[in-house]
>>> print(open('work20.txt').read())   # compact mmCIF, C-alpha atoms and all ligand atoms
# COMPACT_ATOMS: atom_id res chain seq x y z
CA MET A 1 2.70 13.23 -38.79
CA THR A 2 3.58 14.03 -35.20
CA SER A 3 1.37 12.43 -32.62
CA LYS A 4 -0.30 14.73 -30.13
CA ASN A 5 0.97 12.27 -27.49
CA ASP A 6 4.55 13.24 -28.38
CA THR A 7 3.74 16.94 -28.14
CA LEU A 8 2.04 16.46 -24.78
CA MET A 9 4.90 14.34 -23.47
CA GLU A 10 7.42 17.03 -24.39
CA ARG A 11 5.29 19.64 -22.68
CA ALA A 12 4.65 17.48 -19.60
CA GLN A 13 8.36 16.87 -19.06
CA ARG A 14 8.98 20.59 -18.64
CA THR A 15 6.87 20.88 -15.50
CA THR A 16 6.59 17.30 -14.18
CA PRO A 17 9.56 14.96 -13.51
CA GLY A 18 9.60 12.50 -16.40
CA GLY A 19 6.27 13.88 -17.57
CA VAL A 20 4.18 11.62 -15.33
CA ASN A 21 2.72 11.50 -11.83
CA SER A 22 3.52 7.81 -11.29
CA PRO A 23 6.67 6.28 -12.85
CA VAL A 24 5.26 3.26 -14.73
CA ARG A 25 3.08 5.56 -16.86
CA ALA A 26 6.21 6.93 -18.57
CA PHE A 27 6.70 3.77 -20.71
CA ARG A 28 10.37 3.66 -19.64
CA SER A 29 10.54 -0.14 -19.67
CA VAL A 30 8.75 -0.65 -23.00
CA GLY A 31 10.06 2.48 -24.74
CA GLY A 32 8.01 4.84 -26.86
CA THR A 33 5.64 7.61 -25.87
CA PRO A 34 2.93 7.20 -23.25
CA ARG A 35 -0.61 7.70 -24.47
CA PHE A 36 -2.31 10.73 -22.97
CA ILE A 37 -5.89 9.72 -22.29
CA THR A 38 -8.68 12.14 -23.11
CA HIS A 39 -11.65 10.00 -22.04
CA ALA A 40 -12.81 6.47 -21.41
CA ASP A 41 -16.03 4.52 -21.72
CA GLY A 42 -16.73 0.90 -20.72
CA PRO A 43 -13.78 -1.24 -21.91
CA TYR A 44 -12.18 1.56 -23.97
CA VAL A 45 -9.85 4.52 -23.53
CA TRP A 46 -9.05 7.17 -26.16
CA ASP A 47 -5.71 8.93 -26.56
CA ALA A 48 -4.86 12.49 -27.59
CA ASP A 49 -4.88 11.52 -31.29
CA GLY A 50 -8.42 10.24 -30.93
CA LYS A 51 -7.26 6.62 -31.22
CA ARG A 52 -9.32 4.06 -29.31
CA TYR A 53 -7.79 1.23 -27.25
CA THR A 54 -9.35 -1.75 -25.53
CA ASP A 55 -8.09 -1.22 -22.02
CA TYR A 56 -6.49 -3.99 -19.97
CA VAL A 57 -4.92 -1.62 -17.45
CA GLY A 58 -8.20 -0.42 -15.96
CA SER A 59 -6.48 2.31 -13.96
CA TRP A 60 -4.36 -0.55 -12.50
CA GLY A 61 -7.41 -2.26 -11.07
CA PRO A 62 -10.14 0.15 -9.97
CA ALA A 63 -12.11 0.17 -13.26
CA ILE A 64 -13.73 -3.21 -12.55
CA VAL A 65 -17.20 -2.28 -13.82
CA GLY A 66 -15.78 -0.53 -16.90
CA HIS A 67 -14.97 3.16 -17.30
CA ALA A 68 -17.54 5.87 -16.64
CA HIS A 69 -20.22 3.39 -15.62
CA PRO A 70 -23.46 5.44 -15.58
CA THR A 71 -24.43 4.25 -12.08
CA VAL A 72 -21.05 5.25 -10.63
CA VAL A 73 -21.00 8.58 -12.47
CA LYS A 74 -24.50 9.38 -11.20
CA ALA A 75 -23.56 8.52 -7.61
CA VAL A 76 -20.50 10.78 -7.87
CA GLN A 77 -22.49 13.66 -9.36
CA GLU A 78 -25.16 13.43 -6.69
CA ALA A 79 -22.59 13.34 -3.90
CA ALA A 80 -20.57 16.20 -5.42
CA ALA A 81 -23.65 18.41 -5.60
CA LYS A 82 -23.99 18.08 -1.82
CA GLY A 83 -20.47 19.24 -1.03
CA LEU A 84 -17.03 17.83 -1.68
CA SER A 85 -15.53 17.36 1.75
CA PHE A 86 -16.54 18.20 5.31
CA GLY A 87 -13.82 17.00 7.67
CA ALA A 88 -16.62 15.60 9.82
CA PRO A 89 -18.24 12.15 9.80
CA THR A 90 -21.06 11.18 7.42
CA GLU A 91 -23.61 8.36 7.29
CA ALA A 92 -22.20 7.24 3.94
CA GLU A 93 -18.93 6.34 5.68
CA ILE A 94 -20.81 4.08 8.07
CA GLU A 95 -22.52 2.37 5.15
CA MET A 96 -19.17 1.87 3.44
CA ALA A 97 -17.61 0.41 6.59
CA GLU A 98 -20.60 -1.91 7.07
CA GLU A 99 -20.35 -3.05 3.46
CA ILE A 100 -16.61 -3.79 3.78
CA CYS A 101 -17.13 -5.73 7.02
CA ARG A 102 -19.91 -7.74 5.38
CA LEU A 103 -17.87 -8.52 2.27
CA VAL A 104 -14.60 -9.33 4.07
CA PRO A 105 -15.51 -11.36 7.17
CA SER A 106 -12.00 -11.08 8.71
CA ILE A 107 -12.72 -7.35 9.08
CA GLU A 108 -14.83 -6.28 12.04
CA GLN A 109 -13.68 -2.67 12.04
CA VAL A 110 -12.14 -0.63 9.30
CA ARG A 111 -10.51 2.76 8.84
CA LEU A 112 -10.85 4.53 5.50
CA VAL A 113 -7.83 6.28 3.99
CA SER A 114 -7.09 7.70 0.54
CA SER A 115 -4.43 5.43 -0.99
CA GLY A 116 -3.11 1.91 -0.78
CA THR A 117 0.21 3.30 0.40
CA GLU A 118 -1.50 4.92 3.37
CA ALA A 119 -3.40 1.71 4.11
CA THR A 120 -0.31 -0.52 4.28
CA MET A 121 1.81 2.10 6.04
CA SER A 122 -0.87 2.47 8.71
CA ALA A 123 -1.36 -1.29 8.96
CA LEU A 124 2.37 -1.65 9.71
CA ARG A 125 2.23 1.01 12.39
CA LEU A 126 -0.81 -0.68 13.91
CA ALA A 127 0.95 -4.06 13.92
CA ARG A 128 4.02 -2.55 15.55
CA GLY A 129 1.94 -0.58 18.03
CA ALA A 130 -0.16 -3.60 18.97
CA THR A 131 2.80 -5.96 19.43
CA GLY A 132 5.40 -3.53 20.77
CA ARG A 133 7.86 -5.04 18.25
CA ASP A 134 9.69 -3.37 15.36
CA LEU A 135 10.60 -6.12 12.92
CA ILE A 136 8.59 -6.61 9.76
CA VAL A 137 8.80 -9.40 7.19
CA LYS A 138 7.98 -8.85 3.53
CA PHE A 139 8.55 -10.85 0.36
CA GLU A 140 10.58 -10.18 -2.74
CA GLY A 141 8.42 -8.98 -5.65
CA CYS A 142 5.48 -7.89 -3.47
CA TYR A 143 4.71 -4.18 -3.67
CA HIS A 144 2.96 -2.50 -0.78
CA GLY A 145 3.09 1.15 -1.79
CA HIS A 146 5.95 3.58 -1.34
CA ALA A 147 6.33 3.91 2.44
CA ASP A 148 9.97 4.02 3.61
CA SER A 149 10.05 0.66 5.44
CA LEU A 150 8.63 -1.14 2.42
CA LEU A 151 10.98 0.04 -0.31
CA VAL A 152 13.45 -2.67 0.46
CA LYS A 153 15.16 -5.48 -1.37
CA ALA A 154 16.80 -8.53 0.14
CA GLY A 155 20.22 -8.16 1.71
CA SER A 156 23.23 -10.23 0.79
CA GLY A 157 22.50 -13.18 3.09
CA LEU A 158 19.19 -15.01 3.18
CA LEU A 159 18.30 -13.85 6.65
CA THR A 160 20.09 -10.52 6.66
CA PHE A 161 18.28 -7.25 6.59
CA GLY A 162 17.45 -5.44 3.40
CA ASN A 163 18.76 -2.55 1.33
CA PRO A 164 16.63 0.42 0.28
CA THR A 165 15.32 0.29 -3.31
CA SER A 166 14.93 4.06 -3.42
CA ALA A 167 17.31 6.89 -2.74
CA GLY A 168 16.16 8.88 0.27
CA VAL A 169 15.26 5.87 2.41
CA PRO A 170 17.62 5.78 5.40
CA ALA A 171 19.38 2.44 5.85
CA ASP A 172 18.31 2.71 9.50
CA PHE A 173 14.66 2.38 8.50
CA VAL A 174 15.04 -0.76 6.47
CA GLN A 175 17.18 -2.51 9.03
CA HIS A 176 13.86 -3.41 10.62
CA THR A 177 12.61 -5.05 7.42
CA LEU A 178 13.45 -8.63 6.54
CA VAL A 179 12.87 -9.54 2.88
CA LEU A 180 12.24 -13.21 2.13
CA GLU A 181 11.47 -15.18 -1.04
CA TYR A 182 7.84 -15.48 -2.07
CA ASN A 183 6.56 -19.07 -1.75
CA ASN A 184 9.70 -20.19 0.12
CA THR A 185 8.07 -21.86 3.13
CA GLN A 186 11.30 -23.23 4.54
CA GLN A 187 12.93 -19.82 4.61
CA LEU A 188 9.93 -18.36 6.42
CA GLU A 189 10.13 -21.14 9.03
CA ASP A 190 13.87 -20.49 9.47
CA ALA A 191 13.25 -16.77 9.95
CA PHE A 192 10.66 -17.39 12.66
CA ALA A 193 12.86 -19.99 14.36
CA GLU A 194 15.65 -17.45 14.54
CA MET A 195 13.80 -14.26 15.46
CA GLY A 196 10.07 -15.02 15.71
CA ASP A 197 9.71 -13.31 19.09
CA ASP A 198 10.85 -10.01 17.57
CA ILE A 199 8.60 -10.08 14.50
CA ALA A 200 5.77 -7.53 14.64
CA CYS A 201 4.15 -8.60 11.40
CA VAL A 202 4.36 -10.39 8.11
CA ILE A 203 2.94 -8.47 5.16
CA VAL A 204 2.12 -10.32 1.94
CA GLU A 205 0.13 -10.05 -1.27
CA PRO A 206 -1.76 -13.37 -1.01
CA ILE A 207 -2.03 -13.25 -4.78
CA ALA A 208 0.84 -11.10 -5.99
CA GLY A 209 0.02 -8.63 -8.73
CA ASN A 210 3.09 -6.43 -8.75
CA MET A 211 5.61 -8.92 -10.16
CA ASN A 212 3.01 -9.79 -12.77
CA LEU A 213 0.43 -12.25 -11.38
CA VAL A 214 1.99 -14.83 -9.06
CA ARG A 215 -0.16 -17.05 -6.87
CA ALA A 216 0.96 -17.98 -3.38
CA THR A 217 0.86 -21.70 -2.69
CA PRO A 218 -1.68 -22.73 -0.02
CA GLU A 219 1.19 -24.30 1.93
CA PHE A 220 3.10 -21.00 2.02
CA LEU A 221 0.14 -18.99 3.31
CA ASN A 222 -1.04 -21.67 5.75
CA THR A 223 2.43 -21.90 7.26
CA MET A 224 2.57 -18.10 7.48
CA ARG A 225 -0.77 -18.05 9.33
CA LYS A 226 0.38 -20.80 11.71
CA LEU A 227 3.74 -19.15 12.47
CA CYS A 228 2.21 -15.71 13.05
CA SER A 229 -0.29 -17.17 15.53
CA GLN A 230 2.37 -19.23 17.26
CA TYR A 231 4.77 -16.29 17.72
CA GLY A 232 2.19 -13.55 18.32
CA ALA A 233 3.02 -11.72 15.08
CA VAL A 234 0.34 -9.91 13.08
CA LEU A 235 -0.49 -11.31 9.65
CA ILE A 236 -1.25 -8.52 7.17
CA PHE A 237 -2.81 -9.44 3.84
CA ASP A 238 -2.21 -6.62 1.40
CA GLU A 239 -5.30 -7.02 -0.76
CA VAL A 240 -5.11 -3.53 -2.23
CA MET A 241 -5.05 -5.20 -5.64
CA SER A 242 -6.62 -8.62 -5.03
CA GLY A 243 -9.48 -7.36 -2.83
CA PHE A 244 -12.84 -7.41 -4.68
CA ARG A 245 -10.79 -8.34 -7.77
CA ALA A 246 -9.40 -11.88 -7.42
CA ALA A 247 -12.75 -12.78 -5.86
CA LEU A 248 -15.67 -10.82 -4.39
CA HIS A 249 -14.49 -11.65 -0.87
CA GLY A 250 -10.82 -11.27 -1.67
CA ALA A 251 -7.92 -13.70 -2.06
CA GLN A 252 -8.38 -14.66 1.61
CA SER A 253 -11.71 -16.29 0.69
CA LEU A 254 -10.03 -18.38 -2.01
CA TYR A 255 -7.43 -19.71 0.44
CA GLY A 256 -9.74 -19.89 3.46
CA ILE A 257 -7.22 -17.98 5.59
CA THR A 258 -8.09 -15.27 8.10
CA PRO A 259 -5.47 -12.52 8.28
CA ASP A 260 -5.27 -10.21 11.31
CA ILE A 261 -5.28 -7.06 9.20
CA THR A 262 -6.35 -6.59 5.59
CA ALA A 263 -5.33 -3.60 3.47
CA LEU A 264 -7.70 -2.62 0.67
CA GLY A 265 -7.62 -0.05 -2.12
CA LYS A 266 -8.07 0.20 -5.89
CA VAL A 267 -11.54 -1.38 -6.49
CA ILE A 268 -13.06 0.02 -3.27
CA GLY A 269 -12.72 3.54 -4.64
CA GLY A 270 -14.09 2.64 -8.07
CA GLY A 271 -11.63 5.14 -9.58
CA LEU A 272 -11.60 7.75 -6.82
CA PRO A 273 -9.15 7.75 -3.90
CA VAL A 274 -10.45 5.32 -1.28
CA ALA A 275 -8.40 2.69 0.50
CA ALA A 276 -8.82 1.03 3.87
CA PHE A 277 -7.31 -1.23 6.48
CA GLY A 278 -9.20 -3.29 8.99
CA GLY A 279 -9.34 -6.37 11.15
CA LYS A 280 -10.76 -7.71 14.37
CA VAL A 281 -11.90 -5.22 17.03
CA ASP A 282 -9.20 -6.62 19.25
CA ILE A 283 -6.49 -5.17 17.03
CA MET A 284 -8.35 -2.13 15.65
CA LYS A 285 -8.94 -0.90 19.21
CA HIS A 286 -5.28 0.20 19.25
CA MET A 287 -6.09 2.97 16.73
CA ALA A 288 -6.51 6.60 17.78
CA PRO A 289 -8.78 8.08 19.06
CA ILE A 290 -9.45 5.05 21.30
CA GLY A 291 -5.89 3.66 21.25
CA PRO A 292 -2.29 4.90 21.11
CA VAL A 293 -1.55 4.29 17.39
CA TYR A 294 -1.89 7.60 15.54
CA GLN A 295 -3.23 7.93 12.01
CA ALA A 296 -5.36 10.63 10.35
CA GLY A 297 -6.38 12.15 7.01
CA THR A 298 -8.00 15.41 5.89
CA LEU A 299 -9.77 13.69 2.99
CA SER A 300 -10.25 10.24 4.59
CA GLY A 301 -13.78 8.97 3.94
CA ASN A 302 -14.34 11.77 1.46
CA PRO A 303 -18.05 11.76 0.49
CA VAL A 304 -17.53 11.84 -3.28
CA ALA A 305 -14.92 9.08 -3.24
CA VAL A 306 -17.06 6.99 -0.89
CA ALA A 307 -20.04 7.40 -3.24
CA ALA A 308 -17.98 6.07 -6.17
CA GLY A 309 -16.71 3.19 -4.04
CA MET A 310 -20.13 2.20 -2.72
CA ALA A 311 -21.72 2.29 -6.17
CA THR A 312 -18.90 0.07 -7.47
CA LEU A 313 -19.17 -2.40 -4.58
CA LYS A 314 -22.93 -2.71 -5.24
CA LEU A 315 -22.41 -3.34 -8.95
CA ILE A 316 -19.88 -6.13 -8.44
CA GLN A 317 -22.37 -7.92 -6.16
CA GLU A 318 -25.05 -8.10 -8.86
CA PRO A 319 -25.98 -11.70 -9.65
CA GLY A 320 -23.55 -13.22 -12.13
CA PHE A 321 -21.15 -10.25 -12.20
CA PHE A 322 -18.13 -12.05 -10.75
CA GLU A 323 -18.85 -15.33 -12.55
CA SER A 324 -18.96 -13.50 -15.84
CA LEU A 325 -15.86 -11.39 -15.08
CA THR A 326 -13.94 -14.53 -14.07
CA ARG A 327 -15.04 -16.38 -17.19
CA GLN A 328 -14.13 -13.49 -19.50
CA THR A 329 -10.68 -13.05 -17.90
CA SER A 330 -9.99 -16.73 -18.18
CA ARG A 331 -11.14 -16.72 -21.84
CA LEU A 332 -8.58 -13.98 -22.47
CA ALA A 333 -5.75 -15.86 -20.71
CA GLN A 334 -6.57 -19.11 -22.52
CA GLY A 335 -7.02 -17.38 -25.86
CA LEU A 336 -3.65 -15.66 -25.57
CA SER A 337 -1.94 -18.92 -24.55
CA ALA A 338 -3.46 -20.79 -27.50
CA ALA A 339 -2.49 -18.01 -29.93
CA ALA A 340 1.10 -18.04 -28.65
CA ALA A 341 1.30 -21.83 -28.87
CA GLU A 342 0.12 -21.69 -32.49
CA ALA A 343 2.94 -19.28 -33.29
CA GLY A 344 5.46 -21.33 -31.29
CA VAL A 345 6.23 -18.52 -28.84
CA GLY A 346 7.35 -19.48 -25.32
CA PHE A 347 4.47 -17.97 -23.40
CA CYS A 348 1.86 -18.78 -20.80
CA ALA A 349 -0.90 -16.96 -18.97
CA ASP A 350 -2.95 -17.24 -15.80
CA SER A 351 -5.97 -15.52 -14.31
CA VAL A 352 -7.79 -15.26 -11.01
CA GLY A 353 -11.16 -13.50 -10.97
CA GLY A 354 -10.74 -10.29 -12.94
CA MET A 355 -6.93 -10.14 -12.92
CA PHE A 356 -4.52 -11.91 -15.24
CA GLY A 357 -0.82 -12.47 -15.85
CA ILE A 358 0.96 -12.96 -19.16
CA TYR A 359 4.46 -14.42 -19.10
CA PHE A 360 7.06 -14.85 -21.80
CA LEU A 361 8.17 -18.00 -20.01
CA ASP A 362 7.55 -21.70 -20.57
CA GLN A 363 5.84 -22.14 -17.23
CA LYS A 364 3.97 -19.95 -14.78
CA PRO A 365 6.33 -18.24 -12.32
CA ASP A 366 6.09 -18.95 -8.60
CA SER A 367 8.53 -16.30 -7.39
CA TYR A 368 10.20 -13.03 -8.29
CA ALA A 369 13.33 -14.87 -9.41
CA ALA A 370 11.26 -17.08 -11.75
CA MET A 371 9.46 -14.04 -13.15
CA MET A 372 12.80 -12.31 -13.75
CA ARG A 373 13.72 -15.06 -16.22
CA SER A 374 10.99 -13.92 -18.64
CA ASP A 375 11.86 -12.68 -22.12
CA ILE A 376 11.46 -8.95 -21.62
CA PRO A 377 12.47 -7.83 -25.15
CA LYS A 378 9.77 -10.16 -26.50
CA PHE A 379 7.21 -8.76 -24.11
CA ASN A 380 8.12 -5.24 -25.20
CA ARG A 381 7.64 -6.09 -28.88
CA PHE A 382 4.34 -7.79 -28.08
CA PHE A 383 3.22 -4.77 -26.05
CA HIS A 384 3.89 -2.37 -28.92
CA ALA A 385 2.30 -4.61 -31.57
CA MET A 386 -0.85 -4.78 -29.41
CA LEU A 387 -0.79 -1.06 -28.72
CA ASP A 388 -0.55 -0.31 -32.45
CA ALA A 389 -3.50 -2.63 -33.02
CA GLY A 390 -5.52 -0.75 -30.39
CA HIS A 391 -5.16 -2.98 -27.31
CA PHE A 392 -3.65 -1.38 -24.23
CA PHE A 393 -1.79 -3.78 -21.94
CA ALA A 394 0.26 -2.73 -18.90
CA PRO A 395 3.42 -0.96 -20.15
CA ALA A 396 5.85 -3.22 -18.24
CA ALA A 397 6.51 -6.96 -18.18
CA PHE A 398 6.13 -7.23 -14.42
CA GLU A 399 2.58 -5.96 -14.05
CA ALA A 400 -0.70 -7.83 -13.86
CA GLY A 401 -3.55 -7.02 -16.24
CA PHE A 402 -7.22 -6.31 -15.59
CA VAL A 403 -10.50 -7.11 -17.29
CA SER A 404 -13.76 -5.30 -16.52
CA GLY A 405 -17.42 -6.23 -16.59
CA ALA A 406 -17.66 -4.24 -19.83
CA HIS A 407 -15.30 -6.59 -21.71
CA ASP A 408 -17.67 -8.94 -23.54
CA ASP A 409 -17.04 -12.02 -25.72
CA ALA A 410 -16.59 -10.01 -28.90
CA ILE A 411 -14.07 -7.63 -27.34
CA VAL A 412 -11.97 -10.41 -25.85
CA ASP A 413 -12.09 -12.34 -29.15
CA GLU A 414 -10.89 -9.26 -31.00
CA THR A 415 -7.94 -8.90 -28.62
CA VAL A 416 -7.02 -12.57 -29.00
CA GLU A 417 -7.19 -12.19 -32.79
CA ALA A 418 -4.83 -9.20 -32.65
CA ALA A 419 -2.52 -11.18 -30.36
CA ARG A 420 -2.40 -14.04 -32.87
CA LYS A 421 -0.86 -11.62 -35.40
CA ALA A 422 1.42 -10.08 -32.79
CA PHE A 423 2.77 -13.47 -31.69
CA ALA A 424 3.28 -14.58 -35.31
CA ALA A 425 5.40 -11.48 -35.90
CA LEU A 426 7.62 -12.30 -32.88
CA VAL A 427 9.20 -15.45 -34.33
C1 LIG B 1 -1.37 -0.49 -5.78
C2 LIG B 1 -0.92 -1.21 -4.59
C3 LIG B 1 -0.53 -0.54 -3.42
C4 LIG B 1 -0.40 0.95 -3.36
O1 LIG B 1 -1.61 1.60 -3.56
P1 LIG B 1 -1.61 3.15 -4.00
O2 LIG B 1 -3.05 3.51 -3.98
O3 LIG B 1 -0.98 3.19 -5.36
O4 LIG B 1 -0.81 3.88 -2.99
C5 LIG B 1 -0.23 -1.29 -2.31
N1 LIG B 1 -0.30 -2.63 -2.34
C6 LIG B 1 -0.66 -3.31 -3.44
C7 LIG B 1 -0.73 -4.79 -3.40
C8 LIG B 1 -0.96 -2.62 -4.60
O5 LIG B 1 -1.27 -3.32 -5.71
>>> encode(input="work20.txt", output="structure tokens")
Amino acid sequence: MTSKNDTLMERAQRTTPGGVNSPVRAFRSVGGTPRFITHADGPYVWDADGKRYTDYVGSWGPAIVGHAHPTVVKAVQEAAAKGLSFGAPTEAEIEMAEEICRLVPSIEQVRLVSSGTEATMSALRLARGATGRDLIVKFEGCYHGHADSLLVKAGSGLLTFGNPTSAGVPADFVQHTLVLEYNNTQQLEDAFAEMGDDIACVIVEPIAGNMNLVRATPEFLNTMRKLCSQYGAVLIFDEVMSGFRAALHGAQSLYGITPDITALGKVIGGGLPVAAFGGKVDIMKHMAPIGPVYQAGTLSGNPVAVAAGMATLKLIQEPGFFESLTRQTSRLAQGLSAAAAEAGVGFCADSVGGMFGIYFLDQKPDSYAAMMRSDIPKFNRFFHAMLDAGHFFAPAAFEAGFVSGAHDDAIVDETVEAARKAFAALV
């Protein structure tokens, strides 16, 4: 019997490039047909055939309280009934800004935007505008959205400038971007020694979630903080994924490091388009309309999106929410590791707060190069075995996974049980 997903995929490809509005959804790296989702509830999503999956993608992070949480849905409905967008300020935006500043103490002022890409792109412009320098430093394996200057991979030499990773990005743009190895402290020190006075900013995922989950070492981030302060460069923590996800107060609270600018997204919209960037008044004062750095958005601070975000931020602050999310995510990671060990599959897993990484490797990766050594064919077989059994993991080996507050003991146990069978079938 043909799956409705196949029919929809065929139809989608006629009018949308590759059938999807964001490449990873197309299942290109795992093969097979993407599932077209009809609806979701709590920890579950349903596809076009009516099949139910336990969801570990969570819209790539935002669905932290579970899908269609009644409190969030109600907040959205109430806001929508009062008008969808005004292009003028609202009190709800002030409340959202106050909440963000309270939750992330390194932020004194914040600007709301509509996507993580916009947040990081604007943060870069702010850093360049505030320092009067052009050079930016990023790290291999970190993803910061699809702005031109950030779609770069390392050049041929360690301290040479990068090459675009997308067609359509002029080489001239990326010649201002230096790409270094994640967790390579020595290389970062060498880069600053050579050209520190020209560096506008360093942008980093303090806990990387776009080369699967890779933790920065405290030494790496502490050195980065020290060098940025010493050379007058701006330290940007891209917490679009880790913010309100790795911990309530972000990855920066786990490391005890104060970045100059933080980029946020995903969870702060609770499933609608809200993202943000912020920092101390001293740097944010460079933003228009009070400063010379221009940035704007027709739908920025949109009342419906802000309502979803605020409702979500309130829910994750309920007593015990983060403790329970952290415990459940860690139960999943440990359960999967134990199941793989039983089957004799080279595998390990890690988790921080409500995000996790699964690796077909003998030890946890500390860099992009280490992650690249994972057994991708094995991951792909595992992915499909789990999908068949009704458990939806990210459809690519290099993505982190997400647990929500709606994933309880029984649901996680069921997933681990399915994984036990999937691992056994791999050897
Ligand atoms: C998802 C993500 C982005 C991009 O956010 P979009 O909303 O998809 O534009 C940027 N940085 C990090 C760390 C992300 O995980």
>>> closest_residue(input="work20.txt", among="A:Leu213, A:Gly278, A:Gly269, A:Val30", to="Ala385 (chain A)", atoms="all atoms listed in the file")
A:Val30
>>> closest_residue(input="work20.txt", among="A:Gly141, A:Gly354, A:Gly162, A:Gly232", to="ligand LIG 1 (chain B)", atoms="only C-alpha atoms and all ligand atoms")
A:Gly141
>>> closest_atom_pairs(input="work20.txt", of="chain A", to="ligand LIG 1 (chain B)", cutoff="9 Å", atoms="only C-alpha atoms and all ligand atoms", output="JSON lines")
{"residue": "A:Ser22", "atom": "CA", "partner": "B:LIG1", "partner_atom": "O3", "distance": 8.8}
{"residue": "A:Trp60", "atom": "CA", "partner": "B:LIG1", "partner_atom": "C1", "distance": 7.4}
{"residue": "A:Gly61", "atom": "CA", "partner": "B:LIG1", "partner_atom": "O5", "distance": 8.2}
{"residue": "A:Ser114", "atom": "CA", "partner": "B:LIG1", "partner_atom": "O2", "distance": 7.4}
{"residue": "A:Ser115", "atom": "CA", "partner": "B:LIG1", "partner_atom": "O2", "distance": 3.8}
{"residue": "A:Gly116", "atom": "CA", "partner": "B:LIG1", "partner_atom": "O1", "distance": 3.2}
{"residue": "A:Thr117", "atom": "CA", "partner": "B:LIG1", "partner_atom": "O4", "distance": 3.6}
{"residue": "A:Glu118", "atom": "CA", "partner": "B:LIG1", "partner_atom": "O4", "distance": 6.5}
{"residue": "A:Ala119", "atom": "CA", "partner": "B:LIG1", "partner_atom": "C5", "distance": 7.8}
{"residue": "A:Thr120", "atom": "CA", "partner": "B:LIG1", "partner_atom": "C5", "distance": 6.6}
{"residue": "A:Cys142", "atom": "CA", "partner": "B:LIG1", "partner_atom": "C7", "distance": 6.9}
{"residue": "A:Tyr143", "atom": "CA", "partner": "B:LIG1", "partner_atom": "N1", "distance": 5.4}
{"residue": "A:His144", "atom": "CA", "partner": "B:LIG1", "partner_atom": "N1", "distance": 3.6}
{"residue": "A:Gly145", "atom": "CA", "partner": "B:LIG1", "partner_atom": "C4", "distance": 3.8}
{"residue": "A:His146", "atom": "CA", "partner": "B:LIG1", "partner_atom": "O4", "distance": 7.0}
{"residue": "A:Ala147", "atom": "CA", "partner": "B:LIG1", "partner_atom": "O4", "distance": 9.0}
{"residue": "A:Val204", "atom": "CA", "partner": "B:LIG1", "partner_atom": "C7", "distance": 8.2}
{"residue": "A:Glu205", "atom": "CA", "partner": "B:LIG1", "partner_atom": "C7", "distance": 5.7}
{"residue": "A:Pro206", "atom": "CA", "partner": "B:LIG1", "partner_atom": "C7", "distance": 9.0}
{"residue": "A:Ile207", "atom": "CA", "partner": "B:LIG1", "partner_atom": "C7", "distance": 8.7}
{"residue": "A:Ala208", "atom": "CA", "partner": "B:LIG1", "partner_atom": "C7", "distance": 7.0}
{"residue": "A:Gly209", "atom": "CA", "partner": "B:LIG1", "partner_atom": "O5", "distance": 6.2}
{"residue": "A:Asn210", "atom": "CA", "partner": "B:LIG1", "partner_atom": "O5", "distance": 6.2}
{"residue": "A:Phe237", "atom": "CA", "partner": "B:LIG1", "partner_atom": "C7", "distance": 8.9}
{"residue": "A:Asp238", "atom": "CA", "partner": "B:LIG1", "partner_atom": "C7", "distance": 5.3}
{"residue": "A:Glu239", "atom": "CA", "partner": "B:LIG1", "partner_atom": "C7", "distance": 5.7}
{"residue": "A:Val240", "atom": "CA", "partner": "B:LIG1", "partner_atom": "C6", "distance": 4.6}
{"residue": "A:Met241", "atom": "CA", "partner": "B:LIG1", "partner_atom": "O5", "distance": 4.2}
{"residue": "A:Ser242", "atom": "CA", "partner": "B:LIG1", "partner_atom": "C7", "distance": 7.2}
{"residue": "A:Ala263", "atom": "CA", "partner": "B:LIG1", "partner_atom": "N1", "distance": 7.7}
{"residue": "A:Leu264", "atom": "CA", "partner": "B:LIG1", "partner_atom": "N1", "distance": 8.0}
{"residue": "A:Gly265", "atom": "CA", "partner": "B:LIG1", "partner_atom": "O2", "distance": 6.1}
{"residue": "A:Lys266", "atom": "CA", "partner": "B:LIG1", "partner_atom": "O2", "distance": 6.3}
{"residue": "A:Pro273", "atom": "CA", "partner": "B:LIG1", "partner_atom": "O2", "distance": 7.4}
{"residue": "A:Val274", "atom": "CA", "partner": "B:LIG1", "partner_atom": "O2", "distance": 8.1}
{"residue": "A:Ala275", "atom": "CA", "partner": "B:LIG1", "partner_atom": "O2", "distance": 7.0}
>>> residues_near_point(input="work20.txt", point="(9.4, -14.8, -11.2)", cutoff="10 Å", atoms="only C-alpha atoms", output="ChimeraX atom specification")
/A:140-141,182,211-214,359,361,364-374,398
>>> atom_distance(input="work20.txt", atom1="CA of Gly256 (chain A)", atom2="CA of Ala311 (chain A)")
27.0 Å
>>> residues_around(input="work20.txt", residues="region 68-70 of chain A", least_positions_apart="4", cutoff="8 Å", atoms="all atoms listed in the file", output="list in words")
Ala40, Asp41, Gly42 and Lys74 of chain A
>>> atom_distance(input="work20.txt", atom1="CA of Pro23 (chain A)", atom2="CA of Lys378 (chain A)")
21.6 Å
>>> residues_near_point(input="work20.txt", point="(1.7, -0.8, -18.1)", cutoff="10 Å", atoms="all atoms listed in the file", output="ChimeraX atom specification")
/A:24-30,34,56-57,59-60,383,392-401
